[in-house]
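Inspection log for the structure reproduced underneath, given as structure tokens.
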Amino acid sequence: MKIRIALFSAIIGCSAGAASAALYECDIDPKSHNWLPTKLLVSHNARSKTATVNDPIIQHYNKKPMGARVKHDNDKRITFGWTVKTISPSGQRANMVYRATYLKASGKLSINAQPNGYSNKFSASGTCKVS
């Protein structure tokens with residue numbers, strides 16, 4: 001709960017004043033993949049076509065919310081993409097490329113992460129509340 005409040009406060013601070021911003025608060029089942037978050041917050045400003053993302057992984061490596069690209073946005077889905085510079089427990093550095101797709105009709109989310117330049121790919125799903 002504590003991390004949820006911290007994440008929510010951090011992302012709201014970044015999107016304050018954005019009247020047309022939608023906030024996606026997502027719960028994810030990462031199936032024990034350490035590179036996928038259990039919570040994801042996305043602030044999306046449809047007018048400026050910008051987004052800010054935050055989750056426990058971003059907080060650990062980036063220390064603050066970060067910008068995301070809006071890859072697709074249509075009547076059925078919206079897809080966000082972002083990259084986090086990470087270091088594995090063994091000290092290996094990687095740019096972890098994230099992609100999250102929200103299905104508007106069902107409220108379902110799919111998220112995947114892939115270290116840039118490697119074949120590994122981690123996937124999970126969840127649900128989002130949009131306000």
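Residue numbers start at 1 in each chain; chains themselves are named A, B, ... in the order of the structure tokens; ligands are numbered from 1 in the order shown.
Excluding region 111-123 of chain A itself and same-chain residues fewer than 3 positions from it, the residues having an atom within 6 Å of it are Ala94, Asn95, Met96, Val97, Tyr98, Arg99 and Ala100 of chain A, counting only C-alpha atoms.
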According to DSSP computed on the backbone, where in chain A is there helix (DSSP H, G or I)? Give the residues as a ChimeraX atom specification.
/A:2-15,56-62
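Among the candidates A:Leu36, A:Cys128, A:Ala46, A:Ile58, the residue lying nearest to Ala22 (chain A) is A:Ala46 (atoms considered: only C-alpha atoms).
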Running DSSP on the backbone, which parts of chain A land in strand (DSSP E), as an MDAnalysis selection string?
chainID A and resid 21:29 39:45 50:54 66:73 77:87 93:103 108:115 122:130
Next, dump the selected residues to file, keeping only C-alpha atoms, as a short mmCIF file (atom, residue, chain, number, x, y, z; two decimals), in the first residue's frame.
data_model
loop_
_atom_site.label_atom_id
_atom_site.label_comp_id
_atom_site.auth_asym_id
_atom_site.auth_seq_id
_atom_site.Cartn_x
_atom_site.Cartn_y
_atom_site.Cartn_z
CA ALA A 21 -5.03 13.64 -18.68
CA ALA A 22 -6.38 10.15 -18.08
CA LEU A 23 -4.83 8.16 -15.24
CA TYR A 24 -4.49 4.40 -15.69
CA GLU A 25 -3.94 2.54 -12.41
CA CYS A 26 -3.05 -1.03 -13.29
CA ASP A 27 -2.64 -4.19 -11.22
CA ILE A 28 -0.41 -6.79 -12.86
CA ASP A 29 0.33 -10.45 -12.10
CA LYS A 39 1.59 -1.95 -10.30
CA LEU A 40 1.74 0.42 -13.25
CA LEU A 41 0.55 4.01 -13.33
CA VAL A 42 0.20 5.88 -16.62
CA SER A 43 -0.85 9.48 -17.01
CA HIS A 44 -1.90 10.05 -20.62
CA ASN A 45 -2.65 13.46 -22.06
CA THR A 50 2.16 12.46 -24.24
CA ALA A 51 2.35 9.99 -21.37
CA THR A 52 4.19 9.58 -18.08
CA VAL A 53 4.71 6.15 -16.53
CA ASN A 54 5.69 4.99 -13.07
CA MET A 66 9.48 8.94 -16.82
CA GLY A 67 8.09 9.82 -20.21
CA ALA A 68 6.58 7.16 -22.45
CA ARG A 69 5.71 7.09 -26.13
CA VAL A 70 2.12 6.60 -27.24
CA LYS A 71 2.67 3.88 -29.87
CA HIS A 72 -0.97 3.32 -30.86
CA ASP A 73 -4.24 4.93 -29.85
CA ARG A 77 -6.63 0.01 -27.59
CA ILE A 78 -3.83 2.27 -26.51
CA THR A 79 -0.20 1.15 -26.38
CA PHE A 80 2.60 2.85 -24.46
CA GLY A 81 6.33 2.20 -24.79
CA TRP A 82 9.31 3.20 -22.63
CA THR A 83 12.87 2.10 -21.86
CA VAL A 84 14.48 1.71 -18.43
CA LYS A 85 18.27 1.46 -17.96
CA THR A 86 18.73 -1.48 -15.59
CA ILE A 87 21.41 -3.55 -13.89
CA ARG A 93 23.57 -3.68 -17.68
CA ALA A 94 20.65 -3.63 -20.09
CA ASN A 95 18.15 -1.23 -21.56
CA MET A 96 14.84 -2.90 -20.74
CA VAL A 97 12.26 -2.04 -23.38
CA TYR A 98 8.68 -2.04 -22.07
CA ARG A 99 5.42 -2.07 -23.98
CA ALA A 100 1.97 -1.98 -22.34
CA THR A 101 -1.31 -2.28 -24.21
CA TYR A 102 -4.64 -1.39 -22.62
CA LEU A 103 -7.80 -2.80 -24.23
CA LYS A 108 -7.40 -5.59 -19.62
CA LEU A 109 -3.69 -4.79 -19.85
CA SER A 110 -0.87 -6.79 -21.38
CA ILE A 111 2.72 -5.80 -20.67
CA ASN A 112 6.03 -7.13 -21.88
CA ALA A 113 9.65 -6.35 -21.25
CA GLN A 114 12.63 -7.25 -23.37
CA PRO A 115 16.28 -6.41 -22.76
CA PHE A 122 8.89 -11.34 -20.22
CA SER A 123 5.09 -10.99 -20.43
CA ALA A 124 2.24 -10.56 -18.00
CA SER A 125 -1.34 -9.31 -17.87
CA GLY A 126 -3.58 -7.40 -15.56
CA THR A 127 -6.42 -4.93 -15.31
CA CYS A 128 -6.61 -1.14 -15.10
CA LYS A 129 -8.92 1.43 -13.59
CA VAL A 130 -9.09 4.63 -15.63
#
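In this comparison, which uses only C-alpha atoms, the residue of A:Lys64, A:Ile57, A:Ser32, A:Pro37 approaching Ser88 (chain A) most closely is A:Ile57.
Separating CA of Asn62 (chain A) from CA of Lys31 (chain A) is a distance of 23.2 Å.
As for CA of Gly91 (chain A) and CA of Pro30 (chain A), they are spaced 22.2 Å apart.
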